[in-house]
Amino acid sequence: MDAIRNVAIAGASGALGSPILNALLESKLFSVTVLTRQSSQAQFPASVKVVRVDYNSVPDLTAALTGQDAVISVLTTSAMETQIPLIEAAVKAGVRRFLPSEFCANIGNLKAASLPVYHSKLAIHEVIQQQARDHPHFTYTLLRNGPFLDWSMAYGFFFSLDGGSTPFYDGGDRPFSTTTLATIGRAVVGVLHHSDETRNRAVFVQDLVTTQRKMLAIAQKVAPDRKWTPSEVSTADMETMARDKYANGTIDLAASMGFFCRSVFGEGYGGEFQEADNELLGIPSKTDADLEDLIREVLSG
């Protein structure tokens, strides 16, 4: 495949979209276009072209994507279906690589794939894979990174920031892969730079593999004035709660978190990646010292 030069990104103003946009710009490898809704008030660097689009209009999107080599979708989970006209337009415009809004757990794992919170992403897989079969010029990459390391810590997902009671999911000693937002951005650059090696497959990236117990031990070291009391939480119980909520039509944060925790910490759900593509993508692993620095920064903030 010829080198990818022109890249369009949808969802560039979000918590993950912004670091991906920054990584694309910092690489100096691409001419970047941001797609944004007509009503968006988001501001972007002067070096990027901003095109306002109607995400429901394939003709509008096709016009916006003409001349683009790759499209990166960082649209939110609630907007997964918005990607269908975006994918159709990308094919019509001659786009050669599409990265859908994956950026999650290993949903190639059958247990993780059974969790309803990921079904909208899996539906996009079917669409994009069919388009790749029907149109050989069109290819895709599914980027998987586990929980966002820095973002999840900042929201107290791995341990309570203020001390006190903090959950240990399934004992707190299950290893899991996790990645910072900035590293995910660099992984996107790596995927585009190695387009042949990342063609039509899932790509895995991780900053490190750790456990909740290890993270809490570091937190206790860097913040000795805070006291934590771990409480045991079963991810099987969380999944049951979440499925009950979905069955009753209650699709809320608690339900999503139940499924999310199950995919990260549940035994056999693939929370620890068996293989990662860091070497291909040019991304070194973070060290225990790096993790300590991240935890110290979060706790001091």
# chains A, B, ... in the order shown; residues from 1 in each chain; ligands from 1
call {"tool": "residues_around", "arguments": {"residues": "region 244-255 of chain A", "least_positions_apart": "5", "cutoff": "10 Å", "atoms": "only C-alpha atoms", "output": "PyMOL selection string"}}
result
chain A and resi 116-117+238-239+260
call {"tool": "select_by_dssp", "arguments": {"residues": "region 139-236 of chain A", "states": "helix (DSSP H, G or I)", "output": "PyMOL selection string"}}
result
chain A and resi 149-154+181-193+212-222+235-236
call {"tool": "closest_residue", "arguments": {"among": "A:Gly190, A:Gly108, A:Pro136, A:Pro100", "to": "Leu24 (chain A)", "atoms": "only C-alpha atoms"}}
result
A:Gly190
call {"tool": "closest_atom_pairs", "arguments": {"of": "region 108-210 of chain A", "to": "region 57-72 of chain A", "cutoff": "12 Å", "atoms": "only C-alpha atoms", "output": "Markdown table"}}
result
| residue | atom | partner | partner_atom | distance |
| --- | --- | --- | --- | --- |
| A:His137 | CA | A:Asp69 | CA | 10.6 |
| A:Phe138 | CA | A:Ala70 | CA | 9.5 |
| A:Thr139 | CA | A:Ala70 | CA | 9.3 |
| A:Tyr140 | CA | A:Ala70 | CA | 9.2 |
| A:Thr141 | CA | A:Ile72 | CA | 9.7 |
| A:Leu142 | CA | A:Ile72 | CA | 10.5 |
| A:Leu143 | CA | A:Ile72 | CA | 10.6 |
| A:Gly185 | CA | A:Ile72 | CA | 10.9 |
| A:Val188 | CA | A:Ile72 | CA | 8.5 |
| A:Val189 | CA | A:Ile72 | CA | 10.6 |
| A:Val191 | CA | A:Ala70 | CA | 10.7 |
| A:Leu192 | CA | A:Ala70 | CA | 8.0 |
| A:His193 | CA | A:Ala70 | CA | 11.1 |
| A:Ser195 | CA | A:Ala70 | CA | 10.1 |
call {"tool": "atom_distance", "arguments": {"atom1": "CA of Asn106 (chain A)", "atom2": "CA of Leu29 (chain A)"}}
result
28.6 Å
call {"tool": "residues_around", "arguments": {"residues": "Lys28 (chain A)", "least_positions_apart": "5", "cutoff": "12 Å", "atoms": "only C-alpha atoms", "output": "list of chain:residue names"}}
result
A:Arg5, A:Asn6, A:Val7, A:Leu21, A:Asn22, A:Ala23, A:Ser47, A:Val48, A:Val189, A:His193
call {"tool": "write_last_selection", "arguments": {"atoms": "N, CA, C and O atoms", "output": "mmCIF file, in the first residue's frame"}}
result
data_model
loop_
_atom_site.group_PDB
_atom_site.id
_atom_site.type_symbol
_atom_site.label_atom_id
_atom_site.label_comp_id
_atom_site.auth_asym_id
_atom_site.auth_seq_id
_atom_site.Cartn_x
_atom_site.Cartn_y
_atom_site.Cartn_z
ATOM 1 N N ARG A 5 -0.989 9.673 3.604
ATOM 2 C CA ARG A 5 -0.599 11.072 3.832
ATOM 3 C C ARG A 5 -1.766 11.929 4.316
ATOM 4 O O ARG A 5 -1.614 12.744 5.212
ATOM 5 N N ASN A 6 -2.926 11.752 3.700
ATOM 6 C CA ASN A 6 -4.084 12.592 4.029
ATOM 7 C C ASN A 6 -5.010 11.825 4.961
ATOM 8 O O ASN A 6 -5.493 10.739 4.612
ATOM 9 N N VAL A 7 -5.249 12.391 6.139
ATOM 10 C CA VAL A 7 -5.994 11.693 7.186
ATOM 11 C C VAL A 7 -7.125 12.578 7.689
ATOM 12 O O VAL A 7 -6.909 13.741 8.043
ATOM 13 N N LEU A 21 -5.537 13.399 17.723
ATOM 14 C CA LEU A 21 -5.264 14.521 16.827
ATOM 15 C C LEU A 21 -3.874 15.101 17.106
ATOM 16 O O LEU A 21 -3.099 15.358 16.171
ATOM 17 N N ASN A 22 -3.531 15.279 18.382
ATOM 18 C CA ASN A 22 -2.219 15.820 18.729
ATOM 19 C C ASN A 22 -1.098 14.930 18.227
ATOM 20 O O ASN A 22 -0.075 15.417 17.715
ATOM 21 N N ALA A 23 -1.271 13.610 18.364
ATOM 22 C CA ALA A 23 -0.233 12.680 17.911
ATOM 23 C C ALA A 23 -0.065 12.741 16.400
ATOM 24 O O ALA A 23 1.063 12.694 15.880
ATOM 25 N N SER A 47 -3.444 24.614 12.067
ATOM 26 C CA SER A 47 -2.781 23.800 11.042
ATOM 27 C C SER A 47 -3.674 22.725 10.453
ATOM 28 O O SER A 47 -3.292 22.072 9.484
ATOM 29 N N VAL A 48 -4.867 22.515 11.024
ATOM 30 C CA VAL A 48 -5.754 21.478 10.501
ATOM 31 C C VAL A 48 -6.902 22.113 9.731
ATOM 32 O O VAL A 48 -7.371 23.214 10.067
ATOM 33 N N VAL A 189 -0.805 6.608 14.994
ATOM 34 C CA VAL A 189 0.245 7.015 14.050
ATOM 35 C C VAL A 189 1.006 5.788 13.557
ATOM 36 O O VAL A 189 1.284 5.646 12.351
ATOM 37 N N HIS A 193 1.411 4.422 9.744
ATOM 38 C CA HIS A 193 2.769 4.371 9.207
ATOM 39 C C HIS A 193 3.136 2.957 8.750
ATOM 40 O O HIS A 193 3.972 2.782 7.863
#
call {"tool": "closest_residue", "arguments": {"among": "A:Asp196, A:Lys49, A:Glu26, A:Val91", "to": "Asp2 (chain A)", "atoms": "only C-alpha atoms"}}
result
A:Asp196
call {"tool": "residues_around", "arguments": {"residues": "Gly268 (chain A)", "least_positions_apart": "6", "cutoff": "10 Å", "atoms": "only C-alpha atoms", "output": "NGL selection string"}}
result
:A and (109-112 or 262)
call {"tool": "write_last_selection", "arguments": {"atoms": "all heavy atoms", "output": "mmCIF file, in the first residue's frame"}}
result
data_model
loop_
_atom_site.group_PDB
_atom_site.id
_atom_site.type_symbol
_atom_site.label_atom_id
_atom_site.label_comp_id
_atom_site.auth_asym_id
_atom_site.auth_seq_id
_atom_site.Cartn_x
_atom_site.Cartn_y
_atom_site.Cartn_z
ATOM 1 N N ASN A 109 -12.160 -11.627 22.113
ATOM 2 C CA ASN A 109 -12.381 -12.679 23.104
ATOM 3 C C ASN A 109 -13.883 -12.966 23.174
ATOM 4 O O ASN A 109 -14.692 -12.059 23.318
ATOM 5 C CB ASN A 109 -11.853 -12.201 24.466
ATOM 6 C CG ASN A 109 -12.127 -13.177 25.584
ATOM 7 O OD1 ASN A 109 -13.251 -13.293 26.058
ATOM 8 N ND2 ASN A 109 -11.087 -13.852 26.039
ATOM 9 N N LEU A 110 -14.247 -14.247 23.084
ATOM 10 C CA LEU A 110 -15.664 -14.595 22.993
ATOM 11 C C LEU A 110 -16.447 -14.190 24.235
ATOM 12 O O LEU A 110 -17.609 -13.777 24.143
ATOM 13 C CB LEU A 110 -15.814 -16.096 22.730
ATOM 14 C CG LEU A 110 -15.319 -16.584 21.368
ATOM 15 C CD1 LEU A 110 -15.503 -18.087 21.233
ATOM 16 C CD2 LEU A 110 -16.034 -15.859 20.232
ATOM 17 N N LYS A 111 -15.836 -14.307 25.413
ATOM 18 C CA LYS A 111 -16.537 -13.904 26.622
ATOM 19 C C LYS A 111 -16.761 -12.394 26.643
ATOM 20 O O LYS A 111 -17.866 -11.925 26.966
ATOM 21 C CB LYS A 111 -15.757 -14.345 27.864
ATOM 22 C CG LYS A 111 -15.796 -15.841 28.138
ATOM 23 C CD LYS A 111 -15.127 -16.163 29.471
ATOM 24 C CE LYS A 111 -15.273 -17.631 29.830
ATOM 25 N NZ LYS A 111 -14.662 -17.961 31.138
ATOM 26 N N ALA A 112 -15.736 -11.633 26.308
ATOM 27 C CA ALA A 112 -15.886 -10.178 26.271
ATOM 28 C C ALA A 112 -16.905 -9.779 25.202
ATOM 29 O O ALA A 112 -17.724 -8.874 25.405
ATOM 30 C CB ALA A 112 -14.546 -9.511 26.008
ATOM 31 N N ARG A 262 -16.152 -6.415 34.049
ATOM 32 C CA ARG A 262 -16.102 -7.837 33.717
ATOM 33 C C ARG A 262 -15.097 -8.086 32.611
ATOM 34 O O ARG A 262 -14.328 -9.050 32.656
ATOM 35 C CB ARG A 262 -17.498 -8.310 33.305
ATOM 36 C CG ARG A 262 -17.625 -9.821 33.165
ATOM 37 C CD ARG A 262 -17.461 -10.521 34.486
ATOM 38 N NE ARG A 262 -18.012 -11.870 34.466
ATOM 39 C CZ ARG A 262 -17.554 -12.861 35.213
ATOM 40 N NH1 ARG A 262 -16.529 -12.658 36.034
ATOM 41 N NH2 ARG A 262 -18.114 -14.054 35.172
#
call {"tool": "select_by_dssp", "arguments": {"residues": "region 106-158 of chain A", "states": "strand (DSSP E)", "output": "JSON, numbers by chain"}}
result
{"A": [139, 140, 141, 142, 143, 144]}
call {"tool": "atom_distance", "arguments": {"atom1": "CA of Thr211 (chain A)", "atom2": "CA of Leu99 (chain A)"}}
result
29.1 Å
call {"tool": "residues_around", "arguments": {"residues": "Thr235 (chain A)", "least_positions_apart": "2", "cutoff": "8 Å", "atoms": "only C-alpha atoms", "output": "list in words"}}
result
Tyr169, Asp170, Val233, Asp237, Met238, Glu239, Gly258, Cys261, Arg262, Phe265 and Gly266 of chain A
call {"tool": "residues_around", "arguments": {"residues": "Thr229 (chain A)", "least_positions_apart": "6", "cutoff": "8 Å", "atoms": "only C-alpha atoms", "output": "list in words"}}
result
Gly163, Gly164, Ser165 and Thr166 of chain A
call {"tool": "write_last_selection", "arguments": {"atoms": "N, CA and C atoms", "output": "mmCIF file, in the first residue's frame"}}
result
data_model
loop_
_atom_site.group_PDB
_atom_site.id
_atom_site.type_symbol
_atom_site.label_atom_id
_atom_site.label_comp_id
_atom_site.auth_asym_id
_atom_site.auth_seq_id
_atom_site.Cartn_x
_atom_site.Cartn_y
_atom_site.Cartn_z
ATOM 1 N N GLY A 163 -8.846 7.863 49.322
ATOM 2 C CA GLY A 163 -8.711 6.905 50.401
ATOM 3 C C GLY A 163 -10.067 6.334 50.784
ATOM 4 N N GLY A 164 -10.099 5.645 51.930
ATOM 5 C CA GLY A 164 -11.346 5.016 52.358
ATOM 6 C C GLY A 164 -11.582 3.711 51.626
ATOM 7 N N SER A 165 -12.833 3.334 51.522
ATOM 8 C CA SER A 165 -13.178 2.067 50.874
ATOM 9 C C SER A 165 -12.883 2.122 49.376
ATOM 10 N N THR A 166 -12.241 1.072 48.871
ATOM 11 C CA THR A 166 -11.920 1.007 47.443
ATOM 12 C C THR A 166 -12.121 -0.422 46.960
#
call {"tool": "closest_residue", "arguments": {"among": "A:Ile107, A:Ile295, A:Ile184, A:Ile283", "to": "Gly271 (chain A)", "atoms": "only C-alpha atoms"}}
result
A:Ile107
call {"tool": "decode", "arguments": {"residues": "region 202-213 of chain A", "atoms": "N, CA and C atoms", "output": "PDB file, in the first residue's frame"}}
result
ATOM      1  N   ALA A 202      -7.012  -6.854  13.943  1.00  0.00           N
ATOM      2  CA  ALA A 202      -6.946  -6.174  15.236  1.00  0.00           C
ATOM      3  C   ALA A 202      -5.490  -5.939  15.594  1.00  0.00           C
ATOM      4  N   VAL A 203      -5.217  -4.772  16.137  1.00  0.00           N
ATOM      5  CA  VAL A 203      -3.882  -4.400  16.597  1.00  0.00           C
ATOM      6  C   VAL A 203      -3.993  -4.100  18.094  1.00  0.00           C
ATOM      7  N   PHE A 204      -3.050  -4.636  18.864  1.00  0.00           N
ATOM      8  CA  PHE A 204      -3.077  -4.485  20.322  1.00  0.00           C
ATOM      9  C   PHE A 204      -1.916  -3.604  20.776  1.00  0.00           C
ATOM     10  N   VAL A 205      -2.211  -2.674  21.668  1.00  0.00           N
ATOM     11  CA  VAL A 205      -1.182  -1.834  22.268  1.00  0.00           C
ATOM     12  C   VAL A 205      -1.424  -1.766  23.766  1.00  0.00           C
ATOM     13  N   GLN A 206      -0.335  -1.715  24.531  1.00  0.00           N
ATOM     14  CA  GLN A 206      -0.446  -1.562  25.981  1.00  0.00           C
ATOM     15  C   GLN A 206       0.769  -0.805  26.492  1.00  0.00           C
ATOM     16  N   ASP A 207       0.534   0.049  27.482  1.00  0.00           N
ATOM     17  CA  ASP A 207       1.667   0.689  28.147  1.00  0.00           C
ATOM     18  C   ASP A 207       2.301  -0.269  29.136  1.00  0.00           C
ATOM     19  N   LEU A 208       1.466  -1.056  29.804  1.00  0.00           N
ATOM     20  CA  LEU A 208       1.955  -2.007  30.801  1.00  0.00           C
ATOM     21  C   LEU A 208       0.855  -2.969  31.197  1.00  0.00           C
ATOM     22  N   VAL A 209       1.260  -4.020  31.886  1.00  0.00           N
ATOM     23  CA  VAL A 209       0.337  -4.957  32.528  1.00  0.00           C
ATOM     24  C   VAL A 209       0.523  -4.795  34.027  1.00  0.00           C
ATOM     25  N   THR A 210      -0.582  -4.623  34.741  1.00  0.00           N
ATOM     26  CA  THR A 210      -0.494  -4.408  36.185  1.00  0.00           C
ATOM     27  C   THR A 210      -1.705  -5.034  36.855  1.00  0.00           C
ATOM     28  N   THR A 211      -1.817  -4.824  38.164  1.00  0.00           N
ATOM     29  CA  THR A 211      -2.986  -5.279  38.918  1.00  0.00           C
ATOM     30  C   THR A 211      -3.451  -4.140  39.821  1.00  0.00           C
ATOM     31  N   GLN A 212      -4.676  -4.256  40.296  1.00  0.00           N
ATOM     32  CA  GLN A 212      -5.174  -3.258  41.244  1.00  0.00           C
ATOM     33  C   GLN A 212      -4.350  -3.249  42.527  1.00  0.00           C
ATOM     34  N   ARG A 213      -3.975  -4.431  43.017  1.00  0.00           N
ATOM     35  CA  ARG A 213      -3.194  -4.495  44.256  1.00  0.00           C
ATOM     36  C   ARG A 213      -1.860  -3.768  44.099  1.00  0.00           C
TER      37      ARG A 213
END
